[in-house]
Amino acid sequence: MASVTLSEAEKVYIVHGVQEDLRVDGRGCEDYRCVEVETDVVSNTSGSARVKLGHTDILVGVKAEMGTPKLEKPNEGYLEFFVDCSASATPEFEGRGGDDLGTEIANTLYRIFNNKSSVDLKTLCISPREHCWVLYVDVLLLECGGNLFDAISIAVKAALFNTRIPRVRVLEDEEGSKDIELSDDPYDCIRLSVENVPCIVTLCKTGKRVGKVLHASLQSVVHKEESLGPKRQKVGFLG
Amino acid sequence: MAMEMRLPVARKPLSERLGRDTKKHLVVPGDTITTDTGFMRGHGTYMGEEKLIASVAGSVERVNKLICVKALKTRYIGEVGDIVVGRITEVQQKRWKVETNSRLDSVLLLSSMNLPGGELRRRSAEDELAMRGFLQEGDLISVQAVFSDGAVSLHTRSLKYGKLGQGVLVQVSPSLVKRQKTHFHDLPCGASVILGNNGFIWIYPTPEHKEEEAGGFIANLEPVSLADREVISRLRNCIISLVTQRMMLYDTSILYCYEASLPHQIKDILKPEIMEEIVMETRQRLLEQEG
């Protein structure tokens, strides 16, 4: 992510501020910036959400498609994640610059959804070993204003909440061949329960104190504080 | 650790809230300004098909027979005598490259820089080698601008200018900083502010001793008190709210905005509703003061 060069005096000022629980924009160490969440923004997806956290802008679209279940989990559907860091987010993402960050975020998302309790994948199963729903979750970074992981996890949760999967019935005739029938009512659909989808909280160790990742705006203090803390611990909370 | 979530709200257009009597003539590139050929063309205009057409997006200014278009969003265009706050990007032979939000990187020559202690002597070879000891990449300086050949040339002729110590930098558009006699302000609320003409605004705690004007080389790295920090953070948020509402920045407007924001908590000032409320109050007070 973008790093800002700072003078020694500015760094000292920021670090002392964090120690006294008063960041440059007046927030405490554990305060977030205002978050704006909007769902159902993209019309040709099964579910979508847009999250604005300060200057960070994330757009998530979910498409439900039919596929075959994985061999080791024949009764469940699955989720596929793809994160696109577009060049309009920050100049560093030009060309292939955003690929590394994109794969890192996608891998984190896979790890979150890898356990049984995040999303009940059995609801995505149509017929065991043959058909299941695959949810393709596409994350698009429109603007990078810091604290990407938190904003992306909120956006993914909101988009999954908004997802409407059409209800299907499997009809079996005498010869044994299966037919999949879509219900006529366009509003007849399954919704996912996202109560247990984790939200990521990023913590940053600056100086001697562990606080929330500080991001006030893109050019000024934001990455100043992120570029100070060498380690970023990510903690996922359920519910 | 509470998080505030909100749904997006449609923004009200600025003109509704402003209610100004004098409407500025706003143009976009390609708009015809006038078909009268008696006018002289200024910056931001060109002649095409017997009409005067705008080439930048901004407001039309007319001085007698000269028509020019002042761009609303632009990089800093240096004028002689401007005060700028800049950040060192490169250390080169006998000069520093300074970033000042202009089209080209500005230049600070070694001979234009104050030596520590204010001594006046010819810069020797040792000074060249010790350049990095004076100013490094990332340092902030306040300097006066001398405009030449497109790239702004900077100098720190008096000890008032020089390297900046602890404080907060806010970057705004250069067109929002009002031109005044002095750009160094000591606000009565307890902090000082340098309004750089290039849009870089530096907020710092007021130094107690005024006599030690060493050009900032002796960096004061002691922790700043919590009360001072609160004043600085509040000022920073006020400046950002003024900028979001496109108001001109000068010491009076910043001070009024600060006073209007006192009943709110510092972190609440950045919420859209509170920002509007504070700036509305500031605008009222400024109008009362003028009229």
# chains A, B, ... in the order shown; residues from 1 in each chain; ligands from 1

call {"tool": "interface_residues", "arguments": {"of": "chain B", "to": "chain A", "cutoff": "9 Å", "atoms": "only C-alpha atoms", "output": "number ranges by chain"}}
result
B: 1-8, 87, 89, 136-140, 164-171, 219-224, 226, 229-230, 232-234, 236-237, 265-268, 270-271

call {"tool": "residues_around", "arguments": {"residues": "Val84 (chain B)", "least_positions_apart": "2", "cutoff": "8 Å", "atoms": "only C-alpha atoms", "output": "compact mmCIF listing (two decimals) with N, CA and C atoms, in the first residue's frame"}}
result
# COMPACT_ATOMS: atom_id res chain seq x y z
N ASP B 82 5.64 34.52 -2.70
CA ASP B 82 4.72 33.63 -2.01
C ASP B 82 5.43 32.87 -0.92
N GLY B 86 6.91 23.13 1.84
CA GLY B 86 7.24 22.06 0.91
C GLY B 86 7.89 20.89 1.60
N THR B 100 6.10 20.84 -3.97
CA THR B 100 5.21 21.91 -3.51
C THR B 100 3.86 21.87 -4.21
N SER B 142 9.47 25.70 5.39
CA SER B 142 8.67 26.82 4.97
C SER B 142 9.62 27.82 4.34
N VAL B 143 9.30 28.23 3.11
CA VAL B 143 10.23 29.03 2.33
C VAL B 143 9.47 30.09 1.56
N GLN B 144 10.23 31.01 0.99
CA GLN B 144 9.65 32.02 0.14
C GLN B 144 9.94 31.66 -1.30
N ALA B 145 9.02 31.95 -2.22
CA ALA B 145 9.18 31.47 -3.59
C ALA B 145 9.66 32.58 -4.50
N LEU B 195 -0.14 29.23 6.52
CA LEU B 195 -0.98 28.97 5.35
C LEU B 195 -0.12 29.12 4.11
N GLY B 196 0.42 28.02 3.63
CA GLY B 196 1.26 28.09 2.43
C GLY B 196 0.41 28.40 1.21
N ASN B 197 0.92 29.23 0.30
CA ASN B 197 0.15 29.58 -0.90
C ASN B 197 -0.06 28.39 -1.82
N ASN B 198 0.75 27.33 -1.63
CA ASN B 198 0.61 26.16 -2.50
C ASN B 198 -0.42 25.18 -1.96
N PHE B 200 -0.42 23.82 1.07
CA PHE B 200 0.05 23.00 2.20
C PHE B 200 -0.10 23.84 3.46

call {"tool": "residues_around", "arguments": {"residues": "region 89-105 of chain A", "least_positions_apart": "6", "cutoff": "10 Å", "atoms": "only C-alpha atoms", "output": "ChimeraX atom specification"}}
result
/A:1-2,56-58,81-83,111,139-145,148-149,152-153,218

call {"tool": "write_last_selection", "arguments": {"atoms": "N, CA and C atoms", "output": "PDB file, in the first residue's frame"}}
result
ATOM      1  N   MET A   1       0.843  -1.193   0.000  1.00  0.00           N
ATOM      2  CA  MET A   1       0.000   0.000   0.000  1.00  0.00           C
ATOM      3  C   MET A   1       0.869   1.231   0.000  1.00  0.00           C
ATOM      4  N   ALA A   2       0.292   2.373  -0.298  1.00  0.00           N
ATOM      5  CA  ALA A   2       1.069   3.600  -0.458  1.00  0.00           C
ATOM      6  C   ALA A   2       1.785   3.958   0.830  1.00  0.00           C
ATOM      7  N   THR A  56     -11.656   5.215   1.472  1.00  0.00           N
ATOM      8  CA  THR A  56     -11.593   3.888   0.859  1.00  0.00           C
ATOM      9  C   THR A  56     -12.949   3.526   0.296  1.00  0.00           C
ATOM     10  N   ASP A  57     -12.974   3.077  -0.949  1.00  0.00           N
ATOM     11  CA  ASP A  57     -14.230   2.758  -1.628  1.00  0.00           C
ATOM     12  C   ASP A  57     -14.129   1.334  -2.178  1.00  0.00           C
ATOM     13  N   ILE A  58     -15.018   0.450  -1.720  1.00  0.00           N
ATOM     14  CA  ILE A  58     -14.959  -0.964  -2.154  1.00  0.00           C
ATOM     15  C   ILE A  58     -16.293  -1.332  -2.768  1.00  0.00           C
ATOM     16  N   PHE A  81     -13.267 -16.336  -4.523  1.00  0.00           N
ATOM     17  CA  PHE A  81     -13.018 -14.912  -4.351  1.00  0.00           C
ATOM     18  C   PHE A  81     -12.041 -14.398  -5.389  1.00  0.00           C
ATOM     19  N   PHE A  82     -12.280 -13.187  -5.843  1.00  0.00           N
ATOM     20  CA  PHE A  82     -11.320 -12.549  -6.722  1.00  0.00           C
ATOM     21  C   PHE A  82     -11.253 -11.067  -6.362  1.00  0.00           C
ATOM     22  N   VAL A  83     -10.085 -10.582  -6.097  1.00  0.00           N
ATOM     23  CA  VAL A  83      -9.930  -9.186  -5.701  1.00  0.00           C
ATOM     24  C   VAL A  83      -9.206  -8.432  -6.811  1.00  0.00           C
ATOM     25  N   ARG A 111      -9.275 -17.937   3.677  1.00  0.00           N
ATOM     26  CA  ARG A 111      -9.027 -18.505   5.016  1.00  0.00           C
ATOM     27  C   ARG A 111     -10.203 -18.256   5.934  1.00  0.00           C
ATOM     28  N   VAL A 139     -14.378  -8.601  -5.742  1.00  0.00           N
ATOM     29  CA  VAL A 139     -14.140  -7.390  -4.973  1.00  0.00           C
ATOM     30  C   VAL A 139     -13.389  -6.412  -5.859  1.00  0.00           C
ATOM     31  N   LEU A 140     -13.898  -5.195  -5.955  1.00  0.00           N
ATOM     32  CA  LEU A 140     -13.229  -4.183  -6.778  1.00  0.00           C
ATOM     33  C   LEU A 140     -12.847  -3.010  -5.892  1.00  0.00           C
ATOM     34  N   LEU A 141     -11.557  -2.665  -5.904  1.00  0.00           N
ATOM     35  CA  LEU A 141     -11.082  -1.523  -5.119  1.00  0.00           C
ATOM     36  C   LEU A 141     -11.210  -0.281  -5.975  1.00  0.00           C
ATOM     37  N   LEU A 142     -12.136   0.599  -5.613  1.00  0.00           N
ATOM     38  CA  LEU A 142     -12.298   1.800  -6.410  1.00  0.00           C
ATOM     39  C   LEU A 142     -11.349   2.891  -5.958  1.00  0.00           C
ATOM     40  N   GLU A 143     -11.166   2.990  -4.655  1.00  0.00           N
ATOM     41  CA  GLU A 143     -10.268   4.008  -4.136  1.00  0.00           C
ATOM     42  C   GLU A 143      -9.589   3.460  -2.900  1.00  0.00           C
ATOM     43  N   CYS A 144      -8.292   3.682  -2.792  1.00  0.00           N
ATOM     44  CA  CYS A 144      -7.539   3.115  -1.679  1.00  0.00           C
ATOM     45  C   CYS A 144      -7.236   4.204  -0.671  1.00  0.00           C
ATOM     46  N   GLY A 145      -7.977   4.216   0.431  1.00  0.00           N
ATOM     47  CA  GLY A 145      -7.727   5.250   1.427  1.00  0.00           C
ATOM     48  C   GLY A 145      -7.270   4.668   2.734  1.00  0.00           C
ATOM     49  N   LEU A 148      -7.848  -1.443   4.135  1.00  0.00           N
ATOM     50  CA  LEU A 148      -8.559  -2.201   3.110  1.00  0.00           C
ATOM     51  C   LEU A 148      -9.232  -3.438   3.669  1.00  0.00           C
ATOM     52  N   PHE A 149      -8.533  -4.181   4.548  1.00  0.00           N
ATOM     53  CA  PHE A 149      -9.075  -5.465   5.002  1.00  0.00           C
ATOM     54  C   PHE A 149     -10.393  -5.298   5.730  1.00  0.00           C
ATOM     55  N   ILE A 152     -13.132  -4.354   3.220  1.00  0.00           N
ATOM     56  CA  ILE A 152     -13.489  -5.472   2.332  1.00  0.00           C
ATOM     57  C   ILE A 152     -14.314  -6.498   3.086  1.00  0.00           C
ATOM     58  N   SER A 153     -13.965  -6.783   4.331  1.00  0.00           N
ATOM     59  CA  SER A 153     -14.734  -7.793   5.059  1.00  0.00           C
ATOM     60  C   SER A 153     -16.161  -7.315   5.302  1.00  0.00           C
ATOM     61  N   LEU A 218      -6.153  10.089   2.521  1.00  0.00           N
ATOM     62  CA  LEU A 218      -5.163   9.400   1.708  1.00  0.00           C
ATOM     63  C   LEU A 218      -3.805  10.041   1.791  1.00  0.00           C
TER      64      LEU A 218
END

call {"tool": "select_by_dssp", "arguments": {"residues": "region 6-124 of chain A", "states": "strand (DSSP E or B)", "output": "VMD selection string"}}
result
chain A and resid 35 to 39 47 to 53 56 to 67 78 to 85

call {"tool": "residues_around", "arguments": {"residues": "Arg179 (chain B)", "least_positions_apart": "2", "cutoff": "9 Å", "atoms": "only C-alpha atoms", "output": "list in words"}}
result
Asp82, Val177, Lys181, Thr182, His183, Asn197 and Tyr250 of chain B

call {"tool": "write_last_selection", "arguments": {"atoms": "C-alpha atoms", "output": "mmCIF file, in the first residue's frame"}}
result
data_model
loop_
_atom_site.group_PDB
_atom_site.id
_atom_site.type_symbol
_atom_site.label_atom_id
_atom_site.label_comp_id
_atom_site.auth_asym_id
_atom_site.auth_seq_id
_atom_site.Cartn_x
_atom_site.Cartn_y
_atom_site.Cartn_z
ATOM 1 C CA ASP B 82 4.716 33.632 -2.009
ATOM 2 C CA VAL B 177 -5.866 29.920 0.314
ATOM 3 C CA LYS B 181 -0.068 40.205 4.030
ATOM 4 C CA THR B 182 1.197 37.549 6.359
ATOM 5 C CA HIS B 183 0.842 33.792 6.264
ATOM 6 C CA ASN B 197 0.149 29.580 -0.901
ATOM 7 C CA TYR B 250 -7.632 32.671 6.111
#

call {"tool": "select_by_dssp", "arguments": {"residues": "region 39-254 of chain B", "states": "helix (DSSP H, G or I)", "output": "PDB file with N, CA and C atoms, in the first residue's frame"}}
result
ATOM      1  N   LEU B 110      21.538  25.377  -2.338  1.00  0.00           N
ATOM      2  CA  LEU B 110      22.271  25.395  -1.069  1.00  0.00           C
ATOM      3  C   LEU B 110      22.603  26.824  -0.670  1.00  0.00           C
ATOM      4  N   SER B 111      22.885  27.662  -1.654  1.00  0.00           N
ATOM      5  CA  SER B 111      23.256  29.044  -1.337  1.00  0.00           C
ATOM      6  C   SER B 111      22.053  29.851  -0.865  1.00  0.00           C
ATOM      7  N   SER B 112      20.840  29.367  -1.122  1.00  0.00           N
ATOM      8  CA  SER B 112      19.660  30.112  -0.678  1.00  0.00           C
ATOM      9  C   SER B 112      19.188  29.676   0.687  1.00  0.00           C
ATOM     10  N   PRO B 116      22.895  26.923   9.973  1.00  0.00           N
ATOM     11  CA  PRO B 116      22.502  26.934  11.387  1.00  0.00           C
ATOM     12  C   PRO B 116      23.223  28.028  12.136  1.00  0.00           C
ATOM     13  N   GLY B 117      22.495  28.710  12.998  1.00  0.00           N
ATOM     14  CA  GLY B 117      23.105  29.795  13.746  1.00  0.00           C
ATOM     15  C   GLY B 117      23.031  31.107  13.007  1.00  0.00           C
ATOM     16  N   GLY B 118      22.578  31.079  11.751  1.00  0.00           N
ATOM     17  CA  GLY B 118      22.394  32.325  11.014  1.00  0.00           C
ATOM     18  C   GLY B 118      23.677  32.927  10.503  1.00  0.00           C
ATOM     19  N   ALA B 125      32.953  23.362   0.223  1.00  0.00           N
ATOM     20  CA  ALA B 125      32.733  21.975  -0.207  1.00  0.00           C
ATOM     21  C   ALA B 125      32.206  21.126   0.933  1.00  0.00           C
ATOM     22  N   GLU B 126      32.611  21.442   2.166  1.00  0.00           N
ATOM     23  CA  GLU B 126      32.122  20.639   3.302  1.00  0.00           C
ATOM     24  C   GLU B 126      30.630  20.834   3.463  1.00  0.00           C
ATOM     25  N   ASP B 127      30.160  22.041   3.192  1.00  0.00           N
ATOM     26  CA  ASP B 127      28.719  22.278   3.301  1.00  0.00           C
ATOM     27  C   ASP B 127      27.971  21.403   2.326  1.00  0.00           C
ATOM     28  N   GLU B 128      28.560  21.253   1.135  1.00  0.00           N
ATOM     29  CA  GLU B 128      27.901  20.397   0.127  1.00  0.00           C
ATOM     30  C   GLU B 128      27.765  18.982   0.644  1.00  0.00           C
ATOM     31  N   LEU B 129      28.832  18.494   1.275  1.00  0.00           N
ATOM     32  CA  LEU B 129      28.793  17.112   1.755  1.00  0.00           C
ATOM     33  C   LEU B 129      27.858  16.978   2.942  1.00  0.00           C
ATOM     34  N   MET B 131      25.032  18.408   3.310  1.00  0.00           N
ATOM     35  CA  MET B 131      23.660  18.805   2.952  1.00  0.00           C
ATOM     36  C   MET B 131      22.618  17.898   3.581  1.00  0.00           C
ATOM     37  N   ARG B 132      22.929  16.587   3.565  1.00  0.00           N
ATOM     38  CA  ARG B 132      21.929  15.661   4.087  1.00  0.00           C
ATOM     39  C   ARG B 132      21.729  15.845   5.587  1.00  0.00           C
ATOM     40  N   GLY B 133      22.746  16.365   6.240  1.00  0.00           N
ATOM     41  CA  GLY B 133      22.597  16.617   7.668  1.00  0.00           C
ATOM     42  C   GLY B 133      21.643  17.763   7.945  1.00  0.00           C
ATOM     43  N   PHE B 134      21.541  18.712   7.026  1.00  0.00           N
ATOM     44  CA  PHE B 134      20.614  19.822   7.226  1.00  0.00           C
ATOM     45  C   PHE B 134      19.198  19.356   6.957  1.00  0.00           C
ATOM     46  N   PRO B 174      -4.737  24.868  -3.874  1.00  0.00           N
ATOM     47  CA  PRO B 174      -4.122  26.192  -3.738  1.00  0.00           C
ATOM     48  C   PRO B 174      -5.103  27.339  -3.945  1.00  0.00           C
ATOM     49  N   SER B 175      -6.178  27.111  -4.692  1.00  0.00           N
ATOM     50  CA  SER B 175      -7.098  28.216  -4.963  1.00  0.00           C
ATOM     51  C   SER B 175      -7.914  28.600  -3.740  1.00  0.00           C
ATOM     52  N   LEU B 176      -7.861  27.792  -2.682  1.00  0.00           N
ATOM     53  CA  LEU B 176      -8.674  28.109  -1.514  1.00  0.00           C
ATOM     54  C   LEU B 176      -7.922  28.912  -0.464  1.00  0.00           C
ATOM     55  N   LEU B 226      -1.160  17.327  25.897  1.00  0.00           N
ATOM     56  CA  LEU B 226      -2.446  16.834  25.386  1.00  0.00           C
ATOM     57  C   LEU B 226      -3.370  17.985  24.994  1.00  0.00           C
ATOM     58  N   ALA B 227      -3.345  19.066  25.767  1.00  0.00           N
ATOM     59  CA  ALA B 227      -4.222  20.205  25.452  1.00  0.00           C
ATOM     60  C   ALA B 227      -3.874  20.792  24.103  1.00  0.00           C
ATOM     61  N   ASP B 228      -2.546  20.951  23.853  1.00  0.00           N
ATOM     62  CA  ASP B 228      -2.111  21.475  22.551  1.00  0.00           C
ATOM     63  C   ASP B 228      -2.520  20.544  21.433  1.00  0.00           C
ATOM     64  N   ARG B 229      -2.390  19.228  21.669  1.00  0.00           N
ATOM     65  CA  ARG B 229      -2.755  18.251  20.644  1.00  0.00           C
ATOM     66  C   ARG B 229      -4.218  18.359  20.277  1.00  0.00           C
ATOM     67  N   GLU B 230      -5.052  18.577  21.300  1.00  0.00           N
ATOM     68  CA  GLU B 230      -6.488  18.667  21.016  1.00  0.00           C
ATOM     69  C   GLU B 230      -6.774  19.878  20.158  1.00  0.00           C
ATOM     70  N   VAL B 231      -6.110  20.997  20.469  1.00  0.00           N
ATOM     71  CA  VAL B 231      -6.332  22.212  19.681  1.00  0.00           C
ATOM     72  C   VAL B 231      -5.903  21.969  18.241  1.00  0.00           C
ATOM     73  N   ILE B 232      -4.740  21.302  18.068  1.00  0.00           N
ATOM     74  CA  ILE B 232      -4.230  21.070  16.715  1.00  0.00           C
ATOM     75  C   ILE B 232      -5.162  20.146  15.940  1.00  0.00           C
ATOM     76  N   SER B 233      -5.636  19.076  16.581  1.00  0.00           N
ATOM     77  CA  SER B 233      -6.545  18.158  15.874  1.00  0.00           C
ATOM     78  C   SER B 233      -7.836  18.851  15.506  1.00  0.00           C
ATOM     79  N   ARG B 234      -8.334  19.682  16.400  1.00  0.00           N
ATOM     80  CA  ARG B 234      -9.584  20.383  16.124  1.00  0.00           C
ATOM     81  C   ARG B 234      -9.403  21.347  14.954  1.00  0.00           C
ATOM     82  N   LEU B 235      -8.285  22.048  14.952  1.00  0.00           N
ATOM     83  CA  LEU B 235      -8.006  22.972  13.844  1.00  0.00           C
ATOM     84  C   LEU B 235      -7.918  22.210  12.535  1.00  0.00           C
ATOM     85  N   ARG B 236      -7.266  21.060  12.568  1.00  0.00           N
ATOM     86  CA  ARG B 236      -7.125  20.264  11.354  1.00  0.00           C
ATOM     87  C   ARG B 236      -8.490  19.866  10.816  1.00  0.00           C
ATOM     88  N   ASN B 237      -9.361  19.385  11.705  1.00  0.00           N
ATOM     89  CA  ASN B 237     -10.691  18.973  11.254  1.00  0.00           C
ATOM     90  C   ASN B 237     -11.493  20.154  10.748  1.00  0.00           C
ATOM     91  N   CYS B 238     -11.323  21.329  11.386  1.00  0.00           N
ATOM     92  CA  CYS B 238     -12.045  22.530  10.939  1.00  0.00           C
ATOM     93  C   CYS B 238     -11.596  22.921   9.544  1.00  0.00           C
ATOM     94  N   ILE B 239     -10.285  22.866   9.315  1.00  0.00           N
ATOM     95  CA  ILE B 239      -9.773  23.244   7.994  1.00  0.00           C
ATOM     96  C   ILE B 239     -10.329  22.298   6.940  1.00  0.00           C
ATOM     97  N   ILE B 240     -10.365  21.005   7.264  1.00  0.00           N
ATOM     98  CA  ILE B 240     -10.896  20.039   6.295  1.00  0.00           C
ATOM     99  C   ILE B 240     -12.369  20.297   6.032  1.00  0.00           C
ATOM    100  N   SER B 241     -13.138  20.672   7.051  1.00  0.00           N
ATOM    101  CA  SER B 241     -14.562  20.939   6.796  1.00  0.00           C
ATOM    102  C   SER B 241     -14.743  22.197   5.964  1.00  0.00           C
ATOM    103  N   LEU B 242     -13.911  23.222   6.183  1.00  0.00           N
ATOM    104  CA  LEU B 242     -14.005  24.430   5.365  1.00  0.00           C
ATOM    105  C   LEU B 242     -13.688  24.108   3.907  1.00  0.00           C
ATOM    106  N   VAL B 243     -12.688  23.244   3.717  1.00  0.00           N
ATOM    107  CA  VAL B 243     -12.275  22.904   2.357  1.00  0.00           C
ATOM    108  C   VAL B 243     -13.363  22.105   1.646  1.00  0.00           C
ATOM    109  N   THR B 244     -14.003  21.190   2.375  1.00  0.00           N
ATOM    110  CA  THR B 244     -15.066  20.383   1.754  1.00  0.00           C
ATOM    111  C   THR B 244     -16.222  21.264   1.311  1.00  0.00           C
ATOM    112  N   ASP B 251      -7.031  33.454   8.335  1.00  0.00           N
ATOM    113  CA  ASP B 251      -6.995  33.274   9.787  1.00  0.00           C
ATOM    114  C   ASP B 251      -8.374  33.487  10.419  1.00  0.00           C
ATOM    115  N   THR B 252      -9.138  34.472   9.946  1.00  0.00           N
ATOM    116  CA  THR B 252     -10.443  34.715  10.562  1.00  0.00           C
ATOM    117  C   THR B 252     -11.405  33.559  10.335  1.00  0.00           C
ATOM    118  N   SER B 253     -11.434  33.050   9.118  1.00  0.00           N
ATOM    119  CA  SER B 253     -12.392  31.969   8.844  1.00  0.00           C
ATOM    120  C   SER B 253     -12.036  30.729   9.650  1.00  0.00           C
ATOM    121  N   ILE B 254     -10.742  30.442   9.771  1.00  0.00           N
ATOM    122  CA  ILE B 254     -10.334  29.263  10.536  1.00  0.00           C
ATOM    123  C   ILE B 254     -10.690  29.452  12.005  1.00  0.00           C
TER     124      ILE B 254
END
